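Everything below belongs to input.pdb, which stores PDB, C-alpha atoms.
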ATOM      1  CA  MET A   1      -6.702  -0.802  26.799  1.00  0.00           C
ATOM      2  CA  ILE A   2      -8.988   1.137  24.477  1.00  0.00           C
ATOM      3  CA  GLY A   3      -6.512   2.031  21.742  1.00  0.00           C
ATOM      4  CA  TYR A   4      -3.519   0.228  20.293  1.00  0.00           C
ATOM      5  CA  VAL A   5      -0.623   2.045  18.641  1.00  0.00           C
ATOM      6  CA  GLY A   6       1.341   0.133  16.025  1.00  0.00           C
ATOM      7  CA  SER A   7       4.453   1.527  14.377  1.00  0.00           C
ATOM      8  CA  MET A   8       6.785  -1.297  13.356  1.00  0.00           C
ATOM      9  CA  PRO A   9       7.256  -2.224   9.673  1.00  0.00           C
ATOM     10  CA  GLY A  10       5.187  -5.199   8.516  1.00  0.00           C
ATOM     11  CA  LYS A  11       1.644  -6.026   9.637  1.00  0.00           C
ATOM     12  CA  VAL A  12       0.487  -3.319  12.013  1.00  0.00           C
ATOM     13  CA  PHE A  13      -3.096  -4.541  12.400  1.00  0.00           C
ATOM     14  CA  SER A  14      -4.791  -7.659  11.075  1.00  0.00           C
ATOM     15  CA  GLU A  15      -8.538  -7.905  11.610  1.00  0.00           C
ATOM     16  CA  ARG A  16     -11.327  -9.846   9.934  1.00  0.00           C
ATOM     17  CA  GLU A  17     -12.340  -6.854   7.766  1.00  0.00           C
ATOM     18  CA  PHE A  18      -8.930  -5.320   7.016  1.00  0.00           C
ATOM     19  CA  THR A  19      -5.160  -5.579   7.268  1.00  0.00           C
ATOM     20  CA  LEU A  20      -2.813  -2.612   7.680  1.00  0.00           C
ATOM     21  CA  VAL A  21       0.830  -3.006   6.616  1.00  0.00           C
ATOM     22  CA  LYS A  22       3.645  -0.486   7.055  1.00  0.00           C
ATOM     23  CA  LYS A  23       6.340  -0.505   4.363  1.00  0.00           C
ATOM     24  CA  ILE A  24       9.739   1.210   4.507  1.00  0.00           C
ATOM     25  CA  LEU A  25      11.831   1.340   1.323  1.00  0.00           C
ATOM     26  CA  ALA A  26      15.286   2.716   0.542  1.00  0.00           C
ATOM     27  CA  PRO A  27      15.821   4.698  -2.687  1.00  0.00           C
ATOM     28  CA  GLY A  28      15.669   2.336  -5.667  1.00  0.00           C
ATOM     29  CA  GLU A  29      14.145  -0.492  -3.609  1.00  0.00           C
ATOM     30  CA  THR A  30      11.114  -2.103  -5.231  1.00  0.00           C
ATOM     31  CA  ILE A  31       8.068  -4.207  -4.523  1.00  0.00           C
ATOM     32  CA  ASP A  32       7.506  -6.593  -7.423  1.00  0.00           C
ATOM     33  CA  LYS A  33       4.279  -6.721  -9.423  1.00  0.00           C
ATOM     34  CA  HIS A  34       1.497  -8.466  -7.493  1.00  0.00           C
ATOM     35  CA  ASN A  35      -2.215  -8.158  -6.748  1.00  0.00           C
ATOM     36  CA  HIS A  36      -4.688  -8.570  -3.877  1.00  0.00           C
ATOM     37  CA  PRO A  37      -7.846 -10.274  -5.241  1.00  0.00           C
ATOM     38  CA  GLY A  38     -10.923  -9.828  -3.052  1.00  0.00           C
ATOM     39  CA  PHE A  39      -9.700  -6.554  -1.529  1.00  0.00           C
ATOM     40  CA  THR A  40      -9.944  -2.819  -2.048  1.00  0.00           C
ATOM     41  CA  VAL A  41      -6.436  -1.411  -1.585  1.00  0.00           C
ATOM     42  CA  LEU A  42      -5.411   1.951  -0.137  1.00  0.00           C
ATOM     43  CA  VAL A  43      -1.783   3.135  -0.288  1.00  0.00           C
ATOM     44  CA  THR A  44      -1.094   6.117   2.001  1.00  0.00           C
ATOM     45  CA  ILE A  45       2.265   7.869   1.640  1.00  0.00           C
ATOM     46  CA  VAL A  46       3.706   9.365   4.847  1.00  0.00           C
ATOM     47  CA  LYS A  47       7.370   9.995   3.932  1.00  0.00           C
ATOM     48  CA  GLY A  48       9.468  10.245   0.764  1.00  0.00           C
ATOM     49  CA  GLU A  49       8.281   9.580  -2.766  1.00  0.00           C
ATOM     50  CA  ILE A  50       7.266   6.389  -4.553  1.00  0.00           C
ATOM     51  CA  LYS A  51       6.446   5.499  -8.141  1.00  0.00           C
ATOM     52  CA  VAL A  52       3.435   3.206  -8.483  1.00  0.00           C
ATOM     53  CA  VAL A  53       2.643   1.232 -11.632  1.00  0.00           C
ATOM     54  CA  LEU A  54      -0.833  -0.298 -12.027  1.00  0.00           C
ATOM     55  CA  ASN A  55      -1.359  -3.067 -14.602  1.00  0.00           C
ATOM     56  CA  ASP A  56       1.872  -2.134 -16.417  1.00  0.00           C
ATOM     57  CA  ASP A  57       0.171   0.858 -18.068  1.00  0.00           C
ATOM     58  CA  GLU A  58      -0.700   3.472 -15.440  1.00  0.00           C
ATOM     59  CA  ASP A  59       2.152   5.001 -13.477  1.00  0.00           C
ATOM     60  CA  ARG A  60       2.208   7.856 -10.994  1.00  0.00           C
ATOM     61  CA  GLU A  61       4.562   9.339  -8.446  1.00  0.00           C
ATOM     62  CA  PHE A  62       3.228   9.905  -4.937  1.00  0.00           C
ATOM     63  CA  LYS A  63       4.413  12.152  -2.121  1.00  0.00           C
ATOM     64  CA  PRO A  64       3.135  12.558   1.459  1.00  0.00           C
ATOM     65  CA  GLY A  65      -0.478  13.565   1.809  1.00  0.00           C
ATOM     66  CA  LYS A  66      -1.638  11.460  -1.143  1.00  0.00           C
ATOM     67  CA  VAL A  67      -3.752   8.312  -0.984  1.00  0.00           C
ATOM     68  CA  LEU A  68      -4.148   5.819  -3.824  1.00  0.00           C
ATOM     69  CA  LYS A  69      -7.267   3.623  -3.972  1.00  0.00           C
ATOM     70  CA  PHE A  70      -7.674   0.723  -6.411  1.00  0.00           C
ATOM     71  CA  ASP A  71      -9.367  -2.641  -6.821  1.00  0.00           C
ATOM     72  CA  GLY A  72      -7.021  -5.414  -5.671  1.00  0.00           C
ATOM     73  CA  GLU A  73      -7.787  -7.437  -8.816  1.00  0.00           C
ATOM     74  CA  ASN A  74      -5.403  -5.021 -10.549  1.00  0.00           C
ATOM     75  CA  TYR A  75      -1.637  -5.493 -10.379  1.00  0.00           C
ATOM     76  CA  ILE A  76       0.682  -3.062  -8.620  1.00  0.00           C
ATOM     77  CA  SER A  77       4.446  -2.581  -8.429  1.00  0.00           C
ATOM     78  CA  ILE A  78       6.243   0.103  -6.429  1.00  0.00           C
ATOM     79  CA  GLU A  79       9.661   1.765  -6.585  1.00  0.00           C
ATOM     80  CA  ALA A  80      11.005   4.172  -3.956  1.00  0.00           C
ATOM     81  CA  MET A  81      12.386   7.372  -5.475  1.00  0.00           C
ATOM     82  CA  GLN A  82      13.581   8.562  -2.026  1.00  0.00           C
ATOM     83  CA  PRO A  83      13.710   6.957   1.437  1.00  0.00           C
ATOM     84  CA  SER A  84       9.997   6.251   1.817  1.00  0.00           C
ATOM     85  CA  GLU A  85       7.385   5.066   4.287  1.00  0.00           C
ATOM     86  CA  PHE A  86       3.817   4.208   3.415  1.00  0.00           C
ATOM     87  CA  PHE A  87       0.872   2.226   4.692  1.00  0.00           C
ATOM     88  CA  VAL A  88      -1.054  -0.347   2.667  1.00  0.00           C
ATOM     89  CA  THR A  89      -4.609  -1.010   3.848  1.00  0.00           C
ATOM     90  CA  LEU A  90      -6.302  -4.127   2.480  1.00  0.00           C
ATOM     91  CA  ILE A  91     -10.080  -3.929   2.952  1.00  0.00           C
ATOM     92  CA  LYS A  92     -12.046  -7.131   2.369  1.00  0.00           C
ATOM     93  CA  LYS A  93     -14.821  -6.777  -0.178  1.00  0.00           C
ATOM     94  CA  ASP A  94     -18.303  -8.057   0.609  1.00  0.00           C
ATOM     95  CA  ASN A  95     -19.003 -11.196  -1.412  1.00  0.00           C
TER      96      ASN A  95
END

Any chance you could put this one into structure tokens?
Amino acid sequence: MIGYVGSMPGKVFSEREFTLVKKILAPGETIDKHNHPGFTVLVTIVKGEIKVVLNDDEDREFKPGKVLKFDGENYISIEAMQPSEFFVTLIKKDN
């Protein structure tokens, strides 16, 4: 097989260089403040709307078609404003 299609929530792909995780949240559901040291993080919204807070001082609302990129040393928390689906890509940094 040349290509693999992943669609279930949780880890979709986990490779040496990156991990792709699919998250599904109900309105008001949250992901507590955490970070991903050693990674560049991409958050890609595909459905709904989420509020993202970085380091307790930068907050934004994201809708489909938007991608957030940040250094995983920073802290992130997420709250779903609507039923939401998004992908989190963790890309290992070169040391």

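Residues surrounding A:Glu29 within 6 Å are Leu25, Ala26, Glu79 and Ala80 of chain A [only C-alpha atoms; sequence separation below 3 positions excluded].
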
Nearest residue to A:His36 out of A:Arg16, A:Lys92, A:Lys22, A:Arg60, using all atoms listed in the file?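 Between A:Arg16, A:Lys92, A:Lys22, A:Arg60, the residue approaching A:His36 most closely is A:Lys92.
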
For A:Asp57, please output as a list in words all residues within 12 Å (counting only C-alpha atoms; exclusion window: fewer than 4 positions along the same chain). Val52, Val53, Asn74, Tyr75, Ile76 and Ser77 of chain A

Nearest to A:Lys23 by atom-to-atom distance, counting all atoms listed in the file, from A:Ile45, A:Gly38, A:Phe70, A:Gly3: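 Smallest separation from A:Lys23 among the options: A:Ile45.
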
Give me the residues within 6 Å of A:Ser84 as number ranges by chain, counting only C-alpha atoms and dropping any in the same chain fewer than 6 places off. A: 24-25, 47-49
